[in-house]
$ cat query.pdb   # PDB, C-alpha atoms and all ligand atoms
ATOM      1  CA  MET A   1     -51.687 -35.799   6.657
ATOM      2  CA  ARG A   2     -53.872 -32.846   7.531
ATOM      3  CA  ASP A   3     -54.669 -30.716   4.477
ATOM      4  CA  SER A   4     -54.698 -33.389   1.769
ATOM      5  CA  MET A   5     -57.045 -36.136   0.737
ATOM      6  CA  VAL A   6     -56.621 -39.503  -0.950
ATOM      7  CA  ARG A   7     -59.002 -40.232  -3.833
ATOM      8  CA  VAL A   8     -59.236 -42.320  -7.012
ATOM      9  CA  ALA A   9     -57.189 -40.700  -9.784
ATOM     10  CA  GLU A  10     -59.023 -39.201 -12.724
ATOM     11  CA  GLU A  11     -57.838 -38.951 -16.312
ATOM     12  CA  GLU A  12     -56.692 -35.356 -15.835
ATOM     13  CA  ASP A  13     -54.449 -36.371 -12.893
ATOM     14  CA  PHE A  14     -52.089 -38.491 -15.005
ATOM     15  CA  ALA A  15     -49.922 -35.595 -16.171
ATOM     16  CA  ALA A  16     -49.418 -34.499 -12.548
ATOM     17  CA  ILE A  17     -48.623 -38.081 -11.489
ATOM     18  CA  GLY A  18     -45.959 -38.144 -14.227
ATOM     19  CA  GLY A  19     -44.517 -34.913 -12.808
ATOM     20  CA  LEU A  20     -44.456 -36.439  -9.321
ATOM     21  CA  TYR A  21     -42.648 -39.530 -10.655
ATOM     22  CA  SER A  22     -39.895 -37.399 -12.160
ATOM     23  CA  GLN A  23     -39.506 -35.576  -8.834
ATOM     24  CA  VAL A  24     -38.806 -38.880  -7.041
ATOM     25  CA  GLY A  25     -36.547 -40.240  -9.802
ATOM     26  CA  PHE A  26     -38.821 -42.922 -11.298
ATOM     27  CA  ARG A  27     -38.176 -43.741 -14.963
ATOM     28  CA  PRO A  28     -39.974 -41.214 -17.187
ATOM     29  CA  ASP A  29     -42.204 -43.728 -19.013
ATOM     30  CA  LEU A  30     -43.574 -45.331 -15.823
ATOM     31  CA  ILE A  31     -46.560 -43.011 -16.188
ATOM     32  CA  ASP A  32     -47.312 -44.658 -19.561
ATOM     33  CA  ASP A  33     -47.413 -48.034 -17.790
ATOM     34  CA  VAL A  34     -49.804 -46.542 -15.262
ATOM     35  CA  ARG A  35     -52.088 -45.237 -18.011
ATOM     36  CA  LEU A  36     -52.081 -48.674 -19.661
ATOM     37  CA  VAL A  37     -52.760 -50.462 -16.369
ATOM     38  CA  CYS A  38     -55.668 -48.130 -15.547
ATOM     39  CA  ARG A  39     -57.212 -47.808 -19.016
ATOM     40  CA  ALA A  40     -56.819 -51.310 -20.418
ATOM     41  CA  LEU A  41     -55.828 -53.802 -17.714
ATOM     42  CA  GLY A  42     -58.325 -53.204 -14.915
ATOM     43  CA  GLY A  43     -55.990 -51.293 -12.602
ATOM     44  CA  ARG A  44     -56.683 -48.207 -10.545
ATOM     45  CA  ALA A  45     -54.540 -45.272  -9.451
ATOM     46  CA  PHE A  46     -55.027 -43.283  -6.264
ATOM     47  CA  VAL A  47     -53.714 -39.802  -5.614
ATOM     48  CA  ALA A  48     -53.186 -37.649  -2.564
ATOM     49  CA  ALA A  49     -54.009 -34.064  -3.469
ATOM     50  CA  ASP A  50     -53.920 -30.759  -1.634
ATOM     51  CA  SER A  51     -54.428 -27.138  -2.673
ATOM     52  CA  THR A  52     -51.187 -27.293  -4.671
ATOM     53  CA  GLY A  53     -52.282 -30.362  -6.655
ATOM     54  CA  VAL A  54     -51.163 -33.988  -6.670
ATOM     55  CA  VAL A  55     -48.575 -34.730  -3.954
ATOM     56  CA  GLY A  56     -48.760 -38.525  -3.792
ATOM     57  CA  ALA A  57     -49.786 -41.500  -5.929
ATOM     58  CA  SER A  58     -50.179 -45.264  -5.793
ATOM     59  CA  VAL A  59     -51.398 -47.859  -8.304
ATOM     60  CA  GLY A  60     -53.056 -51.267  -7.957
ATOM     61  CA  LEU A  61     -53.286 -54.020 -10.578
ATOM     62  CA  PRO A  62     -55.726 -56.832  -9.657
ATOM     63  CA  LEU A  63     -54.927 -60.314 -11.022
ATOM     64  CA  GLY A  64     -57.618 -62.461  -9.409
ATOM     65  CA  ARG A  65     -56.261 -63.995  -6.190
ATOM     66  CA  THR A  66     -53.163 -61.806  -6.307
ATOM     67  CA  GLY A  67     -52.830 -58.063  -6.666
ATOM     68  CA  TRP A  68     -49.819 -55.871  -7.401
ATOM     69  CA  LEU A  69     -49.038 -52.451  -5.958
ATOM     70  CA  GLY A  70     -46.662 -50.092  -7.707
ATOM     71  CA  GLY A  71     -45.854 -46.532  -8.594
ATOM     72  CA  ILE A  72     -46.077 -45.485  -4.929
ATOM     73  CA  ALA A  73     -44.577 -42.038  -4.483
ATOM     74  CA  VAL A  74     -44.910 -38.982  -2.267
ATOM     75  CA  SER A  75     -43.595 -35.551  -3.136
ATOM     76  CA  PRO A  76     -40.234 -35.046  -1.349
ATOM     77  CA  ALA A  77     -41.560 -32.033   0.593
ATOM     78  CA  ARG A  78     -44.444 -34.114   1.986
ATOM     79  CA  GLN A  79     -42.630 -37.325   2.868
ATOM     80  CA  GLY A  80     -42.556 -38.667   6.415
ATOM     81  CA  CYS A  81     -46.081 -37.452   7.309
ATOM     82  CA  GLY A  82     -48.009 -40.694   6.765
ATOM     83  CA  MET A  83     -49.092 -40.052   3.198
ATOM     84  CA  GLY A  84     -47.231 -43.064   1.758
ATOM     85  CA  ALA A  85     -48.850 -45.324   4.362
ATOM     86  CA  GLU A  86     -52.301 -43.930   3.627
ATOM     87  CA  LEU A  87     -51.965 -44.309  -0.157
ATOM     88  CA  THR A  88     -50.557 -47.828   0.166
ATOM     89  CA  GLY A  89     -53.286 -48.817   2.628
ATOM     90  CA  ARG A  90     -56.021 -47.488   0.359
ATOM     91  CA  THR A  91     -54.631 -49.458  -2.601
ATOM     92  CA  MET A  92     -54.271 -52.603  -0.469
ATOM     93  CA  ASP A  93     -57.902 -52.294   0.670
ATOM     94  CA  TRP A  94     -59.113 -51.893  -2.922
ATOM     95  CA  LEU A  95     -57.177 -54.941  -4.143
ATOM     96  CA  SER A  96     -58.327 -57.046  -1.164
ATOM     97  CA  ALA A  97     -61.964 -56.023  -1.652
ATOM     98  CA  GLY A  98     -61.636 -57.200  -5.268
ATOM     99  CA  GLY A  99     -60.614 -60.706  -4.138
ATOM    100  CA  ALA A 100     -56.819 -60.504  -3.900
ATOM    101  CA  GLU A 101     -55.613 -62.786  -1.087
ATOM    102  CA  THR A 102     -51.933 -62.102  -1.701
ATOM    103  CA  LEU A 103     -50.555 -58.631  -2.304
ATOM    104  CA  LEU A 104     -47.218 -58.196  -4.073
ATOM    105  CA  LEU A 105     -44.867 -55.308  -4.759
ATOM    106  CA  HIS A 106     -41.292 -54.394  -5.581
ATOM    107  CA  ALA A 107     -39.879 -52.231  -2.792
ATOM    108  CA  THR A 108     -37.191 -49.652  -3.321
ATOM    109  CA  GLU A 109     -34.841 -49.021  -0.433
ATOM    110  CA  ALA A 110     -36.899 -45.913   0.404
ATOM    111  CA  GLY A 111     -40.146 -47.893   0.590
ATOM    112  CA  HIS A 112     -38.942 -51.080   2.273
ATOM    113  CA  ARG A 113     -39.471 -50.038   5.874
ATOM    114  CA  LEU A 114     -42.945 -48.707   5.162
ATOM    115  CA  TYR A 115     -44.058 -51.959   3.525
ATOM    116  CA  THR A 116     -42.547 -54.037   6.319
ATOM    117  CA  LYS A 117     -44.644 -52.007   8.768
ATOM    118  CA  LEU A 118     -47.702 -52.707   6.627
ATOM    119  CA  GLY A 119     -47.175 -56.469   6.966
ATOM    120  CA  PHE A 120     -45.221 -57.316   3.817
ATOM    121  CA  SER A 121     -42.405 -59.904   3.956
ATOM    122  CA  ASP A 122     -39.240 -60.106   1.877
ATOM    123  CA  GLU A 123     -39.248 -62.675  -0.881
ATOM    124  CA  GLY A 124     -36.120 -61.995  -2.914
ATOM    125  CA  VAL A 125     -34.050 -59.365  -4.649
ATOM    126  CA  CYS A 126     -34.849 -58.454  -8.258
ATOM    127  CA  LEU A 127     -32.372 -56.677 -10.496
ATOM    128  CA  GLN A 128     -32.501 -54.422 -13.521
ATOM    129  CA  MET A 129     -29.562 -55.491 -15.718
ATOM    130  CA  ASN A 130     -28.386 -53.461 -18.676
ATOM    131  CA  PRO A 131     -26.170 -54.664 -21.539
ATOM    132  CA  SER A 132     -22.710 -53.491 -22.408
ATOM    133  CA  PRO A 133     -22.352 -51.842 -25.818
ATOM    134  CA  ASP A 134     -20.480 -54.969 -26.988
ATOM    135  CA  GLY A 135     -23.634 -56.986 -27.529
ATOM    136  CA  PHE A 136     -25.028 -60.267 -26.344
ATOM    137  CA  PRO A 137     -23.866 -63.924 -26.297
ATOM    138  CA  PRO A 138     -24.976 -66.146 -29.164
ATOM    139  CA  VAL A 139     -28.507 -67.506 -28.858
ATOM    140  CA  CYS A 140     -28.929 -71.251 -28.379
ATOM    141  CA  ASP A 141     -31.499 -72.133 -31.015
ATOM    142  CA  PRO A 142     -33.021 -69.108 -32.719
ATOM    143  CA  THR A 143     -34.782 -71.302 -35.314
ATOM    144  CA  ASP A 144     -37.046 -72.624 -32.580
ATOM    145  CA  ILE A 145     -38.562 -69.165 -31.985
ATOM    146  CA  ARG A 146     -41.455 -67.537 -33.845
ATOM    147  CA  ASP A 147     -44.010 -64.759 -33.384
ATOM    148  CA  GLY A 148     -46.716 -65.471 -30.836
ATOM    149  CA  VAL A 149     -50.286 -65.848 -32.110
ATOM    150  CA  ALA A 150     -53.656 -65.741 -30.377
ATOM    151  CA  ALA A 151     -53.929 -69.549 -30.386
ATOM    152  CA  ASP A 152     -50.803 -69.788 -28.156
ATOM    153  CA  LEU A 153     -52.545 -68.072 -25.274
ATOM    154  CA  PRO A 154     -53.836 -71.165 -23.375
ATOM    155  CA  GLU A 155     -50.322 -72.704 -23.302
ATOM    156  CA  VAL A 156     -48.800 -69.336 -22.430
ATOM    157  CA  LEU A 157     -51.168 -68.947 -19.482
ATOM    158  CA  GLU A 158     -50.353 -72.459 -18.256
ATOM    159  CA  LEU A 159     -46.587 -71.905 -18.423
ATOM    160  CA  ASP A 160     -46.965 -68.489 -16.805
ATOM    161  CA  ARG A 161     -48.968 -70.018 -13.924
ATOM    162  CA  LEU A 162     -46.233 -72.608 -13.397
ATOM    163  CA  ALA A 163     -43.566 -69.883 -13.210
ATOM    164  CA  THR A 164     -45.388 -67.221 -11.190
ATOM    165  CA  GLY A 165     -47.866 -69.233  -9.089
ATOM    166  CA  GLU A 166     -50.336 -66.518 -10.125
ATOM    167  CA  ASP A 167     -53.085 -66.197 -12.666
ATOM    168  CA  ARG A 168     -51.809 -63.302 -14.751
ATOM    169  CA  GLY A 169     -54.581 -63.853 -17.292
ATOM    170  CA  PRO A 170     -55.956 -60.298 -17.032
ATOM    171  CA  LEU A 171     -52.504 -58.904 -17.836
ATOM    172  CA  LEU A 172     -51.490 -61.441 -20.501
ATOM    173  CA  ARG A 173     -54.855 -61.414 -22.288
ATOM    174  CA  GLY A 174     -54.685 -57.608 -22.369
ATOM    175  CA  LEU A 175     -51.229 -57.568 -24.018
ATOM    176  CA  TRP A 176     -51.013 -60.807 -26.065
ATOM    177  CA  PRO A 177     -49.878 -61.290 -28.854
ATOM    178  CA  ARG A 178     -48.518 -57.826 -29.705
ATOM    179  CA  GLY A 179     -44.705 -58.030 -29.491
ATOM    180  CA  ALA A 180     -44.847 -61.680 -28.377
ATOM    181  CA  ARG A 181     -42.429 -64.470 -29.321
ATOM    182  CA  VAL A 182     -42.756 -68.135 -28.453
ATOM    183  CA  ALA A 183     -40.287 -71.028 -28.301
ATOM    184  CA  GLY A 184     -41.149 -74.659 -28.893
ATOM    185  CA  GLY A 185     -44.476 -75.080 -30.558
ATOM    186  CA  GLY A 186     -44.868 -78.449 -32.356
ATOM    187  CA  SER A 187     -44.324 -80.615 -29.315
ATOM    188  CA  GLY A 188     -45.438 -78.030 -26.780
ATOM    189  CA  LEU A 189     -44.529 -74.494 -25.884
ATOM    190  CA  THR A 190     -41.290 -74.214 -23.912
ATOM    191  CA  GLY A 191     -41.124 -70.465 -23.442
ATOM    192  CA  PHE A 192     -42.420 -67.059 -24.415
ATOM    193  CA  SER A 193     -41.420 -63.428 -24.293
ATOM    194  CA  LEU A 194     -43.754 -60.459 -24.247
ATOM    195  CA  THR A 195     -42.545 -56.904 -24.466
ATOM    196  CA  PRO A 196     -45.003 -54.338 -23.156
ATOM    197  CA  PRO A 197     -45.221 -51.032 -25.002
ATOM    198  CA  HIS A 198     -43.219 -49.158 -22.319
ATOM    199  CA  GLY A 199     -40.383 -49.807 -19.923
ATOM    200  CA  PRO A 200     -37.390 -52.146 -20.111
ATOM    201  CA  ALA A 201     -36.569 -53.290 -23.633
ATOM    202  CA  VAL A 202     -37.117 -56.964 -22.917
ATOM    203  CA  GLY A 203     -40.204 -57.408 -20.720
ATOM    204  CA  ALA A 204     -41.577 -60.779 -19.567
ATOM    205  CA  VAL A 205     -39.572 -63.873 -20.482
ATOM    206  CA  VAL A 206     -40.762 -67.232 -19.140
ATOM    207  CA  ALA A 207     -39.093 -70.484 -20.184
ATOM    208  CA  ARG A 208     -38.739 -74.012 -18.847
ATOM    209  CA  THR A 209     -34.915 -73.992 -19.045
ATOM    210  CA  PRO A 210     -32.137 -71.390 -18.680
ATOM    211  CA  GLY A 211     -31.087 -72.154 -22.290
ATOM    212  CA  GLY A 212     -34.606 -71.399 -23.492
ATOM    213  CA  GLY A 213     -34.621 -68.183 -21.487
ATOM    214  CA  MET A 214     -31.262 -67.103 -22.914
ATOM    215  CA  ALA A 215     -32.435 -67.833 -26.470
ATOM    216  CA  LEU A 216     -35.513 -65.627 -25.989
ATOM    217  CA  LEU A 217     -33.432 -62.943 -24.258
ATOM    218  CA  GLY A 218     -30.845 -63.055 -27.029
ATOM    219  CA  GLU A 219     -33.452 -61.900 -29.540
ATOM    220  CA  ARG A 220     -34.113 -58.667 -27.691
ATOM    221  CA  HIS A 221     -31.251 -56.303 -27.304
ATOM    222  CA  GLY A 222     -31.650 -54.221 -24.208
ATOM    223  CA  GLY A 223     -32.069 -54.114 -20.459
ATOM    224  CA  VAL A 224     -33.890 -56.845 -18.565
ATOM    225  CA  ALA A 225     -35.298 -57.110 -15.035
ATOM    226  CA  LEU A 226     -35.097 -60.540 -13.381
ATOM    227  CA  PRO A 227     -35.086 -62.247  -9.961
ATOM    228  CA  ALA A 228     -31.560 -62.608  -8.544
ATOM    229  CA  ALA A 229     -32.595 -66.175  -7.581
ATOM    230  CA  ASN A 230     -32.416 -67.058 -11.289
ATOM    231  CA  SER A 231     -28.667 -67.450 -10.889
ATOM    232  CA  ALA A 232     -28.104 -69.394 -14.123
ATOM    233  CA  VAL A 233     -29.346 -66.571 -16.316
ATOM    234  CA  LEU A 234     -28.000 -63.820 -14.056
ATOM    235  CA  ASP A 235     -24.495 -65.350 -14.237
ATOM    236  CA  ALA A 236     -24.760 -65.627 -18.034
ATOM    237  CA  LEU A 237     -25.787 -61.964 -18.266
ATOM    238  CA  VAL A 238     -22.886 -60.876 -16.052
ATOM    239  CA  ARG A 239     -20.478 -62.936 -18.193
ATOM    240  CA  ALA A 240     -21.905 -61.136 -21.229
ATOM    241  CA  GLY A 241     -21.046 -57.783 -19.664
ATOM    242  CA  PHE A 242     -24.454 -56.786 -18.293
ATOM    243  CA  THR A 243     -24.360 -54.570 -15.219
ATOM    244  CA  GLU A 244     -26.898 -53.811 -12.497
ATOM    245  CA  SER A 245     -28.654 -50.443 -12.751
ATOM    246  CA  ALA A 246     -31.380 -50.840 -10.099
ATOM    247  CA  ARG A 247     -32.590 -53.331  -7.534
ATOM    248  CA  THR A 248     -35.775 -53.931  -5.570
ATOM    249  CA  MET A 249     -36.957 -56.359  -2.918
ATOM    250  CA  ARG A 250     -39.978 -58.375  -4.059
ATOM    251  CA  MET A 251     -42.361 -58.465  -1.065
ATOM    252  CA  TYR A 252     -45.618 -60.297  -0.414
ATOM    253  CA  ARG A 253     -48.446 -60.132   2.113
ATOM    254  CA  GLY A 254     -50.836 -63.070   2.523
ATOM    255  CA  PRO A 255     -50.370 -66.645   1.290
ATOM    256  CA  ARG A 256     -47.064 -66.919  -0.556
ATOM    257  CA  PRO A 257     -47.592 -67.722  -4.258
ATOM    258  CA  PRO A 258     -45.644 -70.853  -5.292
ATOM    259  CA  TRP A 259     -43.516 -68.924  -7.784
ATOM    260  CA  ARG A 260     -40.471 -70.449  -9.456
ATOM    261  CA  PRO A 261     -37.981 -67.627 -10.051
ATOM    262  CA  GLU A 262     -35.675 -69.968 -11.972
ATOM    263  CA  LEU A 263     -38.299 -70.003 -14.760
ATOM    264  CA  LEU A 264     -38.615 -66.189 -14.841
ATOM    265  CA  HIS A 265     -35.870 -64.844 -17.100
ATOM    266  CA  GLY A 266     -37.463 -61.447 -17.550
ATOM    267  CA  LEU A 267     -39.997 -59.492 -15.502
ATOM    268  CA  PHE A 268     -42.475 -57.120 -17.114
ATOM    269  CA  ASN A 269     -40.702 -54.454 -15.091
ATOM    270  CA  LEU A 270     -40.013 -53.672 -11.457
ATOM    271  CA  PHE A 271     -43.590 -52.423 -11.083
ATOM    272  CA  TRP A 272     -45.918 -55.331 -11.899
ATOM    273  CA  GLY A 273     -43.467 -58.211 -11.561
TER     274      GLY A 273
HETATM  275  C1  LIG A 301     -41.559 -44.582   0.049
HETATM  276  C2  LIG A 301     -42.448 -43.341   0.191
HETATM  277  C3  LIG A 301     -43.642 -43.495  -0.741
HETATM  278  C4  LIG A 301     -42.910 -43.294   1.637
HETATM  279  O1  LIG A 301     -43.844 -42.240   1.740
HETATM  280  P1  LIG A 301     -43.986 -41.360   3.083
HETATM  281  O2  LIG A 301     -45.189 -40.536   2.966
HETATM  282  O3  LIG A 301     -42.712 -40.677   3.339
HETATM  283  O4  LIG A 301     -44.160 -42.523   4.154
HETATM  284  P2  LIG A 301     -44.938 -42.389   5.520
HETATM  285  O5  LIG A 301     -44.752 -41.028   6.087
HETATM  286  O6  LIG A 301     -46.335 -42.846   5.316
HETATM  287  O7  LIG A 301     -44.141 -43.425   6.390
HETATM  288  C5  LIG A 301     -44.754 -44.566   6.859
HETATM  289  C6  LIG A 301     -43.868 -45.197   7.897
HETATM  290  O8  LIG A 301     -42.626 -45.611   7.354
HETATM  291  C7  LIG A 301     -41.566 -44.919   8.015
HETATM  292  N1  LIG A 301     -40.618 -44.506   7.029
HETATM  293  C8  LIG A 301     -40.898 -44.004   5.825
HETATM  294  N2  LIG A 301     -39.740 -43.780   5.156
HETATM  295  C9  LIG A 301     -38.736 -44.144   5.984
HETATM  296  C10 LIG A 301     -37.330 -44.166   5.891
HETATM  297  N3  LIG A 301     -36.679 -43.734   4.793
HETATM  298  N4  LIG A 301     -36.617 -44.615   6.931
HETATM  299  C11 LIG A 301     -37.246 -45.037   8.015
HETATM  300  N5  LIG A 301     -38.577 -45.042   8.169
HETATM  301  C12 LIG A 301     -39.305 -44.606   7.176
HETATM  302  C13 LIG A 301     -42.177 -43.730   8.672
HETATM  303  O9  LIG A 301     -41.461 -43.361   9.839
HETATM  304  C14 LIG A 301     -43.531 -44.225   9.000
HETATM  305  O10 LIG A 301     -43.496 -44.986  10.165
HETATM  306  P3  LIG A 301     -44.349 -44.489  11.419
HETATM  307  O11 LIG A 301     -45.749 -44.384  10.921
HETATM  308  O12 LIG A 301     -44.139 -45.576  12.402
HETATM  309  O13 LIG A 301     -43.722 -43.184  11.780
HETATM  310  C15 LIG A 301     -41.657 -42.058  -0.114
HETATM  311  O14 LIG A 301     -40.488 -42.063   0.652
HETATM  312  C16 LIG A 301     -41.263 -41.904  -1.577
HETATM  313  O15 LIG A 301     -42.027 -41.434  -2.399
HETATM  314  N6  LIG A 301     -40.009 -42.288  -1.906
HETATM  315  C17 LIG A 301     -39.479 -42.141  -3.286
HETATM  316  C18 LIG A 301     -40.172 -43.077  -4.271
HETATM  317  C19 LIG A 301     -40.081 -44.510  -3.858
HETATM  318  O16 LIG A 301     -39.009 -45.083  -3.679
HETATM  319  N7  LIG A 301     -41.268 -45.126  -3.693
HETATM  320  C20 LIG A 301     -41.390 -46.493  -3.268
HETATM  321  C21 LIG A 301     -41.568 -47.374  -4.446
HETATM  322  S1  LIG A 301     -41.721 -49.054  -3.947
END
$ encode --input "query.pdb" --output "structure tokens"
Amino acid sequence: MRDSMVRVAEEEDFAAIGGLYSQVGFRPDLIDDVRLVCRALGGRAFVAADSTGVVGASVGLPLGRTGWLGGIAVSPARQGCGMGAELTGRTMDWLSAGGAETLLLHATEAGHRLYTKLGFSDEGVCLQMNPSPDGFPPVCDPTDIRDGVAADLPEVLELDRLATGEDRGPLLRGLWPRGARVAGGGSGLTGFSLTPPHGPAVGAVVARTPGGGMALLGERHGGVALPAANSAVLDALVRAGFTESARTMRMYRGPRPPWRPELLHGLFNLFWG
């Protein structure tokens, strides 16, 4: 990488990062996620820029002892020259300096070899599943589900920690309770769903049982990203006519978080897990 430099992205770079994302085929509203992550959730974007403008980008989201990388892209004309490695390394260093012991990301096929070289290990395939036009199977117990409120947050954080092995407090506190639904309640919270403003229709769905997950999923009509290891829910989605539209490999570097994919029925997206 001779005539370009990597630096922290500024507000006026976001439009160019969005242009770069469309060049590499990322979903068009990923840039809105990046804005949200950087403006409201403590994240930071880096860009590689040369005399023509932004030619590479990468984003970090710190969550205490873990940190997520996403939105890593290099302009097709500049790929294969070390820019992806430099951007990823810079983001890794920033997250580590902030206290992240484990780094996590969702690798596309194009990025997998690069991340393996940077010390990441495979953890499991994650899938974006989209519904058929014919609808969704009946929900198990819709009466058990209500809107989330601020007072649910401590129980939500506890259940989320059980499922992810991470403290996603910075992310959940930033988004809760807008668009949130919870299951259970009286005798303890058994699940929640939280749809971020952009991205897949469903968003995060965490529940103690596959039935609870399906009930929360059944409320939201649209695509969902989930770990393939959650075979109970994946099988139910396939039976309901859902089909795969994208897949990533979840990768980690550092101590492996004790996540329980069978409790994760929806991921925020294939960018911040
Ligand atoms: C993935 C991506 C960011 C890599 O950027 P890049 O600038 O081309 O990567 P680099 O030049 O830094 O490559 C780093 C290393 O990975 C290797 N590598 C990169 N892509 C490779 C590929 N498709 N096949 C084999 N090796 C590859 C390079 O040879 C290099 O290894 P080396 O240093 O030993 O030579 C870029 O291909 C891209 O933007 N792809 C489209 C968007 C995407 O899928 N992003 C990943 C999201 S997780």
$ axis_aligned_box --input "query.pdb" --around "segment 99-103 of chain A" --padding-each-side "3 Å" --output "AutoDock Vina command-line options"
--center_x -55.6 --center_y -60.7 --center_z -2.6 --size_x 16.1 --size_y 10.2 --size_z 9.1
$ residues_near_ligand --input "query.pdb" --ligand "ligand LIG 301 (chain A)" --cutoff "10 Å" --atoms "only C-alpha atoms and all ligand atoms" --output "VMD selection string"
chain A and resid 1 20 to 26 55 to 58 69 to 89 105 to 118 248 to 251 270 to 271
$ resolve_selection --input "query.pdb" --expression "the PyMOL selection byres (((chain A and resi 5) around 9) and not hetatm)" --output "MDAnalysis selection string"
chainID A and resid 1:4 6:7 47:50
$ closest_residue --input "query.pdb" --among "A:Ala183, A:Met129, A:Leu162, A:Leu189" --to "Val233 of chain A" --atoms "only C-alpha atoms"
A:Met129
$ atom_distance --input "query.pdb" --atom1 "atom CA of Asn269 of chain A" --atom2 "atom CA of Gly203 of chain A"
6.4 Å
$ closest_residue --input "query.pdb" --among "A:Phe242, A:Gly42, A:Phe14, A:Pro258" --to "Gly174 of chain A" --atoms "only C-alpha atoms"
A:Gly42
$ residues_around --input "query.pdb" --residues "segment 33-40 of chain A" --least-positions-apart "3" --cutoff "10 Å" --atoms "all atoms listed in the file" --output "list of chain:residue names"
A:Ala9, A:Glu10, A:Glu11, A:Phe14, A:Ile17, A:Gly18, A:Asp29, A:Leu30, A:Gly43, A:Arg44, A:Ala45, A:Ser58, A:Val59, A:Gly60, A:Leu61, A:Pro62, A:Gly70, A:Gly71, A:Pro170, A:Leu171, A:Gly174, A:Leu175, A:Pro196, A:Pro197, A:His198, A:Gly199, A:Asn269, A:Phe271, A:Trp272
$ residues_around --input "query.pdb" --residues "Val156 of chain A" --least-positions-apart "2" --cutoff "8 Å" --atoms "only C-alpha atoms" --output "PyMOL selection string"
chain A and resi 152-154+158-160+189+191-192
$ atom_distance --input "query.pdb" --atom1 "atom CA of Thr66 of chain A" --atom2 "atom CA of Ala15 of chain A"
28.2 Å
$ atom_distance --input "query.pdb" --atom1 "atom CA of Ala207 of chain A" --atom2 "atom CA of Pro133 of chain A"
25.7 Å
$ closest_residue --input "query.pdb" --among "A:Pro177, A:Arg253, A:Glu262, A:Pro210" --to "Leu95 of chain A" --atoms "all atoms listed in the file"
A:Arg253
$ closest_residue --input "query.pdb" --among "A:Asp122, A:Gly222, A:Leu63, A:Gln128" --to "Glu101 of chain A" --atoms "only C-alpha atoms"
A:Leu63
$ closest_residue --input "query.pdb" --among "A:Arg178, A:Arg173, A:Arg65, A:His265" --to "Leu217 of chain A" --atoms "all atoms listed in the file"
A:His265
$ resolve_selection --input "query.pdb" --expression "the PyMOL selection byres (((chain A and resi 205) around 10) and not hetatm)" --output "PyMOL selection string"
chain A and resi 160+180-182+191-195+202-204+206-207+212-214+216-217+224-226+263-268
$ residues_near_point --input "query.pdb" --point "(-58.3, -64.6, -6.2)" --cutoff "12 Å" --atoms "all atoms listed in the file" --output "PyMOL selection string"
chain A and resi 62-67+95-103+165-170+254-255+257
$ write_last_selection --input "query.pdb" --atoms "C-alpha atoms" --output "CSV table (one decimal), in the frame of the given file"
chain,number,residue,atom,x,y,z
A,62,PRO,CA,-55.7,-56.8,-9.7
A,63,LEU,CA,-54.9,-60.3,-11.0
A,64,GLY,CA,-57.6,-62.5,-9.4
A,65,ARG,CA,-56.3,-64.0,-6.2
A,66,THR,CA,-53.2,-61.8,-6.3
A,67,GLY,CA,-52.8,-58.1,-6.7
A,95,LEU,CA,-57.2,-54.9,-4.1
A,96,SER,CA,-58.3,-57.0,-1.2
A,97,ALA,CA,-62.0,-56.0,-1.7
A,98,GLY,CA,-61.6,-57.2,-5.3
A,99,GLY,CA,-60.6,-60.7,-4.1
A,100,ALA,CA,-56.8,-60.5,-3.9
A,101,GLU,CA,-55.6,-62.8,-1.1
A,102,THR,CA,-51.9,-62.1,-1.7
A,103,LEU,CA,-50.6,-58.6,-2.3
A,165,GLY,CA,-47.9,-69.2,-9.1
A,166,GLU,CA,-50.3,-66.5,-10.1
A,167,ASP,CA,-53.1,-66.2,-12.7
A,168,ARG,CA,-51.8,-63.3,-14.8
A,169,GLY,CA,-54.6,-63.9,-17.3
A,170,PRO,CA,-56.0,-60.3,-17.0
A,254,GLY,CA,-50.8,-63.1,2.5
A,255,PRO,CA,-50.4,-66.6,1.3
A,257,PRO,CA,-47.6,-67.7,-4.3
$ resolve_selection --input "query.pdb" --expression "the PyMOL selection byres (((chain A and resi 221) around 8) and not hetatm)" --output "list in words"
Pro131, Gly135, Phe136, Ala201, Val202, Leu217, Gly218, Glu219, Arg220, Gly222 and Gly223 of chain A
